[in-house]
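Enquirer: To be precise about what I am sending: the file is called target30.cif and holds mmCIF, C-alpha atoms.
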data_work
loop_
_atom_site.label_atom_id
_atom_site.label_comp_id
_atom_site.auth_asym_id
_atom_site.auth_seq_id
_atom_site.Cartn_x
_atom_site.Cartn_y
_atom_site.Cartn_z
CA MET A 1 132.81 363.24 -102.18
CA SER A 2 132.18 360.03 -100.33
CA LYS A 3 135.41 358.30 -101.40
CA ARG A 4 138.81 359.97 -101.17
CA ILE A 5 140.19 360.16 -104.67
CA ALA A 6 143.10 362.55 -104.27
CA GLY A 7 145.72 363.59 -101.75
CA PRO A 8 144.79 365.59 -98.62
CA GLU A 9 145.98 368.93 -100.05
CA ILE A 10 143.59 368.62 -103.01
CA GLU A 11 140.70 367.43 -100.83
CA ARG A 12 141.25 370.37 -98.49
CA LEU A 13 141.32 372.82 -101.39
CA ILE A 14 137.98 371.44 -102.63
CA GLN A 15 136.44 371.59 -99.14
CA LEU A 16 137.44 375.22 -98.63
CA LEU A 17 136.43 376.29 -102.15
CA ALA A 18 132.98 374.82 -101.50
CA LYS A 19 132.52 377.44 -98.74
CA VAL A 20 133.01 380.37 -101.13
CA PRO A 21 129.66 381.96 -101.98
CA GLY A 22 128.73 381.14 -105.58
CA LEU A 23 130.49 377.76 -105.46
CA GLY A 24 128.91 374.56 -104.18
CA PRO A 25 130.45 371.11 -103.62
CA ARG A 26 130.20 370.24 -107.30
CA SER A 27 131.52 373.51 -108.73
CA ALA A 28 134.25 373.52 -106.05
CA ARG A 29 135.64 370.29 -107.55
CA ARG A 30 135.52 371.77 -111.03
CA ALA A 31 137.15 374.98 -109.80
CA ALA A 32 139.88 373.04 -107.96
CA LEU A 33 140.74 371.04 -111.07
CA TYR A 34 140.80 374.18 -113.20
CA LEU A 35 143.04 375.95 -110.68
CA ILE A 36 145.41 372.97 -110.57
CA LYS A 37 145.64 372.93 -114.35
CA LYS A 38 146.35 376.68 -114.36
CA LYS A 39 148.86 376.36 -111.54
CA GLU A 40 151.27 379.08 -112.66
CA ALA A 41 148.67 381.41 -114.14
CA LEU A 42 145.97 381.23 -111.47
CA LEU A 43 146.44 378.87 -108.49
CA ILE A 44 149.72 380.36 -107.23
CA PRO A 45 148.75 384.03 -107.91
CA LEU A 46 145.34 383.57 -106.28
CA GLY A 47 146.86 381.89 -103.24
CA SER A 48 149.30 384.74 -102.74
CA ALA A 49 146.62 387.37 -103.47
CA MET A 50 144.58 385.84 -100.65
CA GLN A 51 147.48 386.01 -98.24
CA ASP A 52 148.28 389.60 -99.29
CA ALA A 53 144.66 390.62 -98.81
CA ALA A 54 144.55 388.90 -95.42
CA ASP A 55 147.73 390.72 -94.36
CA LYS A 56 146.69 394.15 -95.58
CA VAL A 57 142.95 394.39 -95.07
CA ARG A 58 141.69 396.94 -92.53
CA ILE A 59 138.32 398.23 -91.36
CA CYS A 60 138.21 402.01 -91.83
CA SER A 61 137.86 403.55 -88.35
CA THR A 62 136.04 406.54 -89.85
CA CYS A 63 133.35 404.93 -91.99
CA GLY A 64 133.51 401.15 -91.42
CA ASN A 65 134.49 400.38 -95.03
CA VAL A 66 136.86 397.52 -95.83
CA ASP A 67 140.14 398.56 -97.45
CA THR A 68 143.89 398.13 -97.22
CA SER A 69 144.38 401.47 -95.50
CA ASP A 70 142.79 403.17 -92.50
CA PRO A 71 141.23 405.69 -93.12
CA CYS A 72 140.08 404.08 -96.38
CA MET A 73 140.67 405.30 -99.93
CA ILE A 74 137.19 406.84 -100.08
CA CYS A 75 137.45 408.77 -96.79
CA THR A 76 140.85 410.20 -97.79
CA ASP A 77 139.87 411.05 -101.38
CA PRO A 78 140.18 414.87 -101.56
CA ARG A 79 137.92 415.09 -104.64
CA ARG A 80 134.85 413.80 -102.81
CA GLU A 81 132.18 416.21 -101.69
CA ARG A 82 132.13 416.33 -97.89
CA ALA A 83 128.68 417.83 -97.25
CA THR A 84 126.78 414.65 -98.15
CA LEU A 85 127.09 411.26 -96.46
CA ILE A 86 125.45 408.03 -97.62
CA VAL A 87 124.62 405.54 -94.86
CA VAL A 88 124.59 401.86 -95.91
CA GLU A 89 124.06 398.60 -94.06
CA ASP A 90 126.99 396.74 -95.55
CA VAL A 91 130.21 397.21 -97.53
CA SER A 92 128.57 395.37 -100.44
CA ASP A 93 125.96 398.17 -100.61
CA LEU A 94 128.77 400.76 -100.66
CA TRP A 95 130.39 398.88 -103.56
CA ALA A 96 127.08 398.72 -105.43
CA LEU A 97 126.57 402.49 -105.07
CA GLU A 98 130.16 403.15 -106.17
CA ARG A 99 129.57 401.00 -109.26
CA ALA A 100 126.53 403.16 -110.06
CA GLY A 101 129.00 406.03 -109.70
CA SER A 102 126.30 408.71 -109.64
CA MET A 103 127.46 410.53 -106.50
CA ASN A 104 130.99 411.46 -105.54
CA VAL A 105 130.51 411.48 -101.77
CA ARG A 106 131.58 409.60 -98.68
CA TYR A 107 129.85 406.76 -96.82
CA HIS A 108 129.11 405.35 -93.42
CA VAL A 109 128.81 401.57 -93.09
CA LEU A 110 126.53 400.47 -90.25
CA GLY A 111 127.71 396.87 -90.35
CA GLY A 112 124.18 395.44 -90.35
CA ARG A 113 120.62 396.43 -89.48
CA LEU A 114 118.59 396.52 -86.28
CA SER A 115 117.10 393.10 -85.74
CA PRO A 116 115.80 392.31 -82.26
CA LEU A 117 115.01 388.75 -83.34
CA ASP A 118 118.69 388.17 -84.11
CA GLY A 119 119.77 390.07 -81.01
CA ILE A 120 121.22 392.97 -83.01
CA GLY A 121 120.65 396.23 -81.17
CA PRO A 122 121.91 399.80 -81.72
CA ASP A 123 125.19 399.10 -79.89
CA ASP A 124 126.07 396.37 -82.41
CA LEU A 125 125.98 398.86 -85.30
CA ASN A 126 128.23 401.84 -86.08
CA ILE A 127 125.50 404.32 -85.13
CA MET A 128 127.29 406.30 -82.40
CA THR A 129 130.24 406.96 -84.75
CA LEU A 130 127.72 408.21 -87.34
CA VAL A 131 126.19 410.62 -84.83
CA GLY A 132 129.71 411.75 -83.96
CA ARG A 133 130.61 412.41 -87.60
CA VAL A 134 127.42 414.38 -88.22
CA ALA A 135 127.87 416.35 -84.98
CA GLU A 136 131.16 417.75 -86.35
CA GLY A 137 128.95 420.02 -88.50
CA GLU A 138 130.49 419.56 -91.95
CA ILE A 139 127.82 417.14 -93.16
CA LYS A 140 124.64 418.84 -94.39
CA GLU A 141 122.74 415.82 -95.77
CA VAL A 142 122.60 412.18 -94.67
CA ILE A 143 121.14 409.81 -97.29
CA LEU A 144 119.84 406.65 -95.59
CA ALA A 145 120.52 404.05 -98.30
CA VAL A 146 119.40 401.11 -96.17
CA ASN A 147 117.51 398.18 -97.64
CA ALA A 148 113.78 398.59 -98.25
CA THR A 149 113.03 395.82 -95.76
CA VAL A 150 111.23 396.08 -92.42
CA GLU A 151 114.56 395.84 -90.59
CA GLY A 152 116.19 398.40 -92.87
CA GLN A 153 113.33 400.84 -92.32
CA THR A 154 113.43 400.28 -88.54
CA THR A 155 117.13 401.08 -88.65
CA ALA A 156 116.41 404.22 -90.69
CA HIS A 157 113.85 405.41 -88.14
CA TYR A 158 116.22 404.79 -85.26
CA ILE A 159 119.00 406.77 -86.97
CA THR A 160 116.59 409.60 -87.79
CA ASP A 161 115.73 409.81 -84.07
CA GLN A 162 119.41 409.84 -83.07
CA LEU A 163 120.21 412.64 -85.53
CA ALA A 164 117.10 414.66 -84.55
CA GLY A 165 118.83 417.49 -82.68
CA LEU A 166 121.50 418.06 -85.33
CA ASP A 167 121.35 420.56 -88.20
CA VAL A 168 121.27 418.01 -91.01
CA ARG A 169 118.84 417.05 -93.74
CA ILE A 170 117.94 413.33 -93.69
CA THR A 171 116.77 411.71 -96.93
CA ARG A 172 116.13 408.20 -98.18
CA LEU A 173 116.33 406.50 -101.59
CA ALA A 174 113.24 406.86 -103.80
CA HIS A 175 110.90 403.89 -104.17
CA GLY A 176 109.69 403.10 -107.67
CA VAL A 177 109.88 400.91 -110.73
CA PRO A 178 113.42 399.56 -111.35
CA VAL A 179 114.90 400.91 -114.60
CA GLY A 180 114.25 398.25 -117.25
CA GLY A 181 111.71 396.56 -114.96
CA GLU A 182 108.35 395.24 -116.12
CA LEU A 183 105.26 396.28 -114.17
CA ASP A 184 103.78 392.81 -114.40
CA TYR A 185 106.58 391.41 -112.21
CA LEU A 186 106.46 394.09 -109.52
CA ASP A 187 104.80 393.77 -106.15
CA GLU A 188 101.85 395.96 -105.15
CA GLY A 189 103.87 397.95 -102.62
CA THR A 190 106.37 399.08 -105.23
CA LEU A 191 103.64 399.93 -107.74
CA THR A 192 101.73 401.94 -105.14
CA ALA A 193 104.91 403.82 -104.19
CA ALA A 194 105.74 404.46 -107.85
CA LEU A 195 102.24 405.81 -108.52
CA ARG A 196 102.28 408.01 -105.45
CA ALA A 197 105.69 409.48 -106.39
CA ARG A 198 104.78 409.91 -110.07
CA THR A 199 106.56 412.74 -111.91
CA THR A 200 105.45 415.07 -114.74
CA LEU A 201 106.83 414.26 -118.18
CA MET B 1 134.64 397.68 -111.68
CA SER B 2 135.21 400.89 -113.59
CA LYS B 3 136.26 402.97 -110.58
CA ARG B 4 138.83 401.79 -108.07
CA ILE B 5 137.08 401.58 -104.74
CA ALA B 6 139.55 399.61 -102.65
CA GLY B 7 143.26 399.06 -102.26
CA PRO B 8 145.27 397.14 -104.88
CA GLU B 9 145.38 393.90 -102.86
CA ILE B 10 141.57 393.73 -102.74
CA GLU B 11 141.20 394.69 -106.42
CA ARG B 12 143.70 391.97 -107.38
CA LEU B 13 141.85 389.39 -105.27
CA ILE B 14 138.59 390.27 -107.05
CA GLN B 15 140.25 390.11 -110.50
CA LEU B 16 141.73 386.67 -109.86
CA LEU B 17 138.56 385.30 -108.25
CA ALA B 18 136.63 386.36 -111.37
CA LYS B 19 138.75 383.87 -113.37
CA VAL B 20 137.62 380.89 -111.27
CA PRO B 21 135.01 378.84 -113.16
CA GLY B 22 131.61 379.32 -111.55
CA LEU B 23 132.39 382.90 -110.49
CA GLY B 24 131.95 385.96 -112.71
CA PRO B 25 132.94 389.59 -112.11
CA ARG B 26 129.88 390.21 -109.94
CA SER B 27 130.07 387.07 -107.83
CA ALA B 28 133.86 387.56 -107.50
CA ARG B 29 133.22 390.82 -105.67
CA ARG B 30 130.69 389.16 -103.40
CA ALA B 31 133.08 386.25 -102.79
CA ALA B 32 136.00 388.62 -102.04
CA LEU B 33 133.96 390.53 -99.49
CA TYR B 34 132.78 387.30 -97.86
CA LEU B 35 136.35 385.98 -97.71
CA ILE B 36 137.59 389.23 -96.17
CA LYS B 37 134.87 389.08 -93.52
CA LYS B 38 135.78 385.46 -92.78
CA LYS B 39 139.49 386.23 -92.75
CA GLU B 40 140.54 383.77 -90.05
CA ALA B 41 138.03 381.06 -90.90
CA LEU B 42 138.29 381.06 -94.68
CA LEU B 43 140.55 383.62 -96.41
CA ILE B 44 143.80 382.62 -94.68
CA PRO B 45 143.12 378.84 -94.76
CA LEU B 46 142.09 378.95 -98.42
CA GLY B 47 145.16 380.99 -99.37
CA SER B 48 147.46 378.50 -97.70
CA ALA B 49 145.51 375.51 -99.08
CA MET B 50 146.13 376.93 -102.56
CA GLN B 51 149.84 377.27 -101.93
CA ASP B 52 150.01 373.76 -100.44
CA ALA B 53 148.16 372.31 -103.42
CA ALA B 54 150.44 374.20 -105.82
CA ASP B 55 153.52 372.85 -104.02
CA LYS B 56 152.35 369.27 -103.80
CA VAL B 57 150.36 368.59 -106.94
CA ARG B 58 151.79 366.08 -109.42
CA ILE B 59 150.66 364.46 -112.64
CA CYS B 60 150.72 360.67 -112.22
CA SER B 61 153.31 359.33 -114.67
CA THR B 62 151.38 356.05 -114.90
CA CYS B 63 147.83 357.18 -115.62
CA GLY B 64 147.89 360.99 -116.09
CA ASN B 65 145.69 361.65 -113.03
CA VAL B 66 146.25 364.72 -110.87
CA ASP B 67 147.27 363.99 -107.28
CA THR B 68 149.80 364.90 -104.61
CA SER B 69 151.85 361.74 -105.17
CA ASP B 70 153.29 360.05 -108.26
CA PRO B 71 152.14 357.33 -108.89
CA CYS B 72 148.75 358.56 -107.73
CA MET B 73 146.60 357.22 -104.90
CA ILE B 74 144.43 355.26 -107.33
CA CYS B 75 147.34 353.59 -109.17
CA THR B 76 148.95 352.52 -105.90
CA ASP B 77 145.71 351.35 -104.24
CA PRO B 78 146.26 347.58 -103.68
CA ARG B 79 142.51 346.92 -103.38
CA ARG B 80 141.76 347.93 -106.96
CA GLU B 81 141.20 345.27 -109.56
CA ARG B 82 144.05 345.39 -112.08
CA ALA B 83 142.51 343.51 -115.02
CA THR B 84 140.21 346.38 -116.04
CA LEU B 85 141.26 349.88 -117.10
CA ILE B 86 138.91 352.80 -117.74
CA VAL B 87 140.14 355.34 -120.31
CA VAL B 88 138.84 358.89 -119.84
CA GLU B 89 139.49 362.17 -121.63
CA ASP B 90 140.01 364.29 -118.56
CA VAL B 91 140.65 364.10 -114.81
CA SER B 92 137.16 365.54 -114.24
CA ASP B 93 135.71 362.43 -115.94
CA LEU B 94 137.80 360.23 -113.65
CA TRP B 95 136.44 362.10 -110.63
CA ALA B 96 132.87 361.73 -111.93
CA LEU B 97 133.30 357.95 -112.34
CA GLU B 98 134.86 357.68 -108.88
CA ARG B 99 131.88 359.53 -107.43
CA ALA B 100 129.59 357.00 -109.09
CA GLY B 101 131.81 354.46 -107.29
CA SER B 102 130.47 351.49 -109.22
CA MET B 103 133.82 350.02 -110.31
CA ASN B 104 136.93 349.60 -108.21
CA VAL B 105 139.47 349.73 -111.02
CA ARG B 106 142.26 351.93 -112.34
CA TYR B 107 142.18 354.64 -115.00
CA HIS B 108 144.10 356.16 -117.87
CA VAL B 109 143.66 359.89 -118.51
CA LEU B 110 144.19 360.89 -122.14
CA GLY B 111 144.43 364.59 -121.39
CA GLY B 112 141.96 365.55 -124.12
CA ARG B 113 140.46 364.19 -127.31
CA LEU B 114 141.58 364.03 -130.94
CA SER B 115 140.57 367.28 -132.59
CA PRO B 116 142.25 368.11 -135.91
CA LEU B 117 140.48 371.49 -135.98
CA ASP B 118 142.20 372.47 -132.71
CA GLY B 119 145.47 370.92 -133.84
CA ILE B 120 145.27 368.11 -131.27
CA GLY B 121 146.71 364.90 -132.73
CA PRO B 122 147.58 361.50 -131.24
CA ASP B 123 150.98 362.72 -130.00
CA ASP B 124 149.29 365.37 -127.83
CA LEU B 125 147.38 362.72 -125.89
CA ASN B 126 148.60 359.97 -123.52
CA ILE B 127 147.90 357.24 -126.07
CA MET B 128 151.35 355.66 -126.39
CA THR B 129 151.55 355.25 -122.60
CA LEU B 130 148.14 353.54 -122.73
CA VAL B 131 149.35 351.11 -125.39
CA GLY B 132 152.44 350.48 -123.24
CA ARG B 133 150.34 349.71 -120.15
CA VAL B 134 148.07 347.34 -122.05
CA ALA B 135 151.08 345.62 -123.71
CA GLU B 136 152.32 344.57 -120.26
CA GLY B 137 149.58 341.93 -120.41
CA GLU B 138 147.91 342.35 -117.01
CA ILE B 139 144.95 344.35 -118.36
CA LYS B 140 142.19 342.19 -119.87
CA GLU B 141 139.55 344.86 -120.57
CA VAL B 142 139.83 348.51 -121.60
CA ILE B 143 136.61 350.52 -121.12
CA LEU B 144 136.66 353.59 -123.37
CA ALA B 145 134.71 356.09 -121.24
CA VAL B 146 135.22 358.99 -123.63
CA ASN B 147 132.51 361.56 -124.26
CA ALA B 148 129.70 360.64 -126.65
CA THR B 149 130.75 363.46 -129.00
CA VAL B 150 132.14 363.18 -132.52
CA GLU B 151 135.63 363.93 -131.23
CA GLY B 152 135.29 361.47 -128.37
CA GLN B 153 134.18 358.74 -130.74
CA THR B 154 137.02 359.54 -133.17
CA THR B 155 139.42 359.20 -130.26
CA ALA B 156 137.82 355.88 -129.29
CA HIS B 157 138.27 354.52 -132.83
CA TYR B 158 141.88 355.62 -132.96
CA ILE B 159 142.63 353.91 -129.64
CA THR B 160 140.84 350.74 -130.76
CA ASP B 161 143.11 350.65 -133.81
CA GLN B 162 146.22 351.16 -131.69
CA LEU B 163 145.26 348.32 -129.34
CA ALA B 164 144.26 345.98 -132.21
CA GLY B 165 147.16 343.53 -131.97
CA LEU B 166 146.94 343.11 -128.21
CA ASP B 167 145.00 340.46 -126.30
CA VAL B 168 142.49 342.81 -124.66
CA ARG B 169 138.73 343.29 -124.77
CA ILE B 170 137.73 346.85 -125.68
CA THR B 171 134.33 348.12 -124.54
CA ARG B 172 132.52 351.44 -124.41
CA LEU B 173 129.85 352.92 -122.13
CA ALA B 174 126.25 352.03 -123.00
CA HIS B 175 124.09 354.65 -124.69
CA GLY B 176 120.56 355.05 -123.38
CA VAL B 177 118.08 357.04 -121.37
CA PRO B 178 119.70 358.79 -118.36
CA VAL B 179 118.39 357.47 -115.04
CA GLY B 180 115.61 359.86 -113.98
CA GLY B 181 115.48 361.34 -117.47
CA GLU B 182 112.26 362.11 -119.33
CA LEU B 183 111.89 360.81 -122.87
CA ASP B 184 110.32 364.04 -124.03
CA TYR B 185 113.58 365.93 -123.44
CA LEU B 186 115.88 363.44 -125.13
CA ASP B 187 117.32 363.75 -128.62
CA GLU B 188 116.47 361.24 -131.36
CA GLY B 189 119.96 359.70 -131.36
CA THR B 190 119.74 358.76 -127.70
CA LEU B 191 116.20 357.40 -128.07
CA THR B 192 117.20 355.31 -131.10
CA ALA B 193 120.22 353.94 -129.20
CA ALA B 194 118.06 353.18 -126.16
CA LEU B 195 115.49 351.34 -128.29
CA ARG B 196 118.14 349.36 -130.10
CA ALA B 197 119.81 348.31 -126.84
CA ARG B 198 116.49 347.51 -125.10
CA THR B 199 116.60 344.82 -122.41
CA THR B 200 114.06 342.21 -121.30
CA LEU B 201 112.23 342.97 -118.05
#
Output the file's structure as structure tokens, nothing else.

Expert:
Amino acid sequence: MSKRIAGPEIERLIQLLAKVPGLGPRSARRAALYLIKKKEALLIPLGSAMQDAADKVRICSTCGNVDTSDPCMICTDPRRERATLIVVEDVSDLWALERAGSMNVRYHVLGGRLSPLDGIGPDDLNIMTLVGRVAEGEIKEVILAVNATVEGQTTAHYITDQLAGLDVRITRLAHGVPVGGELDYLDEGTLTAALRARTTL
Amino acid sequence: MSKRIAGPEIERLIQLLAKVPGLGPRSARRAALYLIKKKEALLIPLGSAMQDAADKVRICSTCGNVDTSDPCMICTDPRRERATLIVVEDVSDLWALERAGSMNVRYHVLGGRLSPLDGIGPDDLNIMTLVGRVAEGEIKEVILAVNATVEGQTTAHYITDQLAGLDVRITRLAHGVPVGGELDYLDEGTLTAALRARTTL
């Protein structure tokens, strides 16, 4: 806000809240006021939860996931099938797949995608560690769950090349109509892919 | 999320973030991941800003505003005109008026509106302290900037009654067409009020 209307601690809280994705300058003010009103129930617990998270958070040295232990909860889970590995660009993709909950397997987080324009090459991604994990021989299938963008597909091709000599099946997510999606709103590429991969009822 | 996919500190951070207005369960996860990635730049500073704000925040005993000092920065500002007082329901209304920045005066925050259905009566609002401030004699005009709702207007009438014996002018905000608003989208009540209060060009 142009004019200072509250003490520096409140102004600073608003400024920092405005940087949280999903909040803008206006909703940051509303959030700050709400937090202040719920001081005992929300402001103090959230502040200490942030400090706890900052203290405890680790990057899993096996898969690149974010967790409070290294190796992470997923890598150490004994109930997960170890023959299949899902490769994702980002931790948020891992979380999305876990929410779907359809496969009880482990992951490998690349930490981004190949993007020469942004100066991101193979050495900036966790690709060598992936090759290392697969070379151990336990993994029989690598599912490349990268985004269906040009950069994601370039990354997928690069990984496929790197894994070429190893005895592993490499697959990718199916293209098609989103469940609940309306054809009218879909792009031609998706419709073409969905037609080509049509299945018998 | 149904399945636990990260350590308790991260899960707790997501749960608490989901209670912040403007964030839901889905955006709380995205926000948590962003904060964790920006640990040094955002997560740690925001955590400590929250604890600072929680330590320092006070309710102004003069006007009911939220600030880090009591009396608040606005009440102690020597450059503010002292003959006019704006009465608002909530601190968020005070902030909105300060953003507009059109009057350099002081405020009185009621802390809500009269609402018999919710069990909120005159004693639950800062009305007696308002009468006390006005009775001191320095204030010549009280602007009732309460919401244009039934409850806001009931509150305005009640306050007008309470201030009846005192030598003070009581005004309310003008009704009319919002600046930049289109007539087609306005309700009949607003249009009628705008017509009735028409001004000569």

Enquirer: I need the output of the PyMOL selection byres ((chain A and resi 59) around 9) for this file as a count of residues only; which residues are they?

Expert: 15

Enquirer: Could you list, as a PDB file with C-alpha atoms, in the frame of the given file, every residue within 8 Å of range 45-50 of chain B, counting only C-alpha atoms and ignoring same-chain residues fewer than 4 positions away?

Expert:
ATOM      1  CA  GLU A   9     145.980 368.930-100.050  1.00  0.00           C
ATOM      2  CA  ARG A  12     141.250 370.370 -98.490  1.00  0.00           C
ATOM      3  CA  LEU A  13     141.320 372.820-101.390  1.00  0.00           C
ATOM      4  CA  LEU A  16     137.440 375.220 -98.630  1.00  0.00           C
ATOM      5  CA  LEU A  17     136.430 376.290-102.150  1.00  0.00           C
ATOM      6  CA  LEU A  43     146.440 378.870-108.490  1.00  0.00           C
ATOM      7  CA  ILE A  44     149.720 380.360-107.230  1.00  0.00           C
ATOM      8  CA  LEU A  46     145.340 383.570-106.280  1.00  0.00           C
ATOM      9  CA  GLY A  47     146.860 381.890-103.240  1.00  0.00           C
ATOM     10  CA  SER A  48     149.300 384.740-102.740  1.00  0.00           C
ATOM     11  CA  ALA A  49     146.620 387.370-103.470  1.00  0.00           C
ATOM     12  CA  MET A  50     144.580 385.840-100.650  1.00  0.00           C
ATOM     13  CA  GLN A  51     147.480 386.010 -98.240  1.00  0.00           C
TER      14      GLN A  51
ATOM     15  CA  GLU B  40     140.540 383.770 -90.050  1.00  0.00           C
ATOM     16  CA  ALA B  41     138.030 381.060 -90.900  1.00  0.00           C
ATOM     17  CA  ALA B  54     150.440 374.200-105.820  1.00  0.00           C
TER      18      ALA B  54
END

Enquirer: Which residues match the PyMOL selection byres ((chain B and resi 149) around 12) in the file above, as JSON, numbers by chain?

Expert: {"B": [89, 113, 114, 115, 145, 146, 147, 148, 150, 151, 152, 153, 154, 155, 156, 175, 189]}

Enquirer: Between CA of Val87 in chain B and CA of Gln162 in chain B, measure the distance and give it in Å to one decimal.

Expert: 13.6 Å

Enquirer: Could you state the separation of CA of Asp52 in chain B and CA of Asp77 in chain B in Å, given to one decimal place?

Expert: 23.1 Å

Enquirer: Env of range 20-28 of chain A: 12 Å cut, atoms = all atoms listed in the file, seq-sep filter 5 positions within chain, self excluded. Answer as a count of residues only.

Expert: 40

Enquirer: Calculate how many Å separate CA of Gly111 in chain B from CA of Ile127 in chain B, rounding to one decimal.

Expert: 9.4 Å

Enquirer: A:Asp167, A:Asp123, A:Asp55, A:Glu182: which is nearest chain B, counting only C-alpha atoms?

Expert: A:Asp55
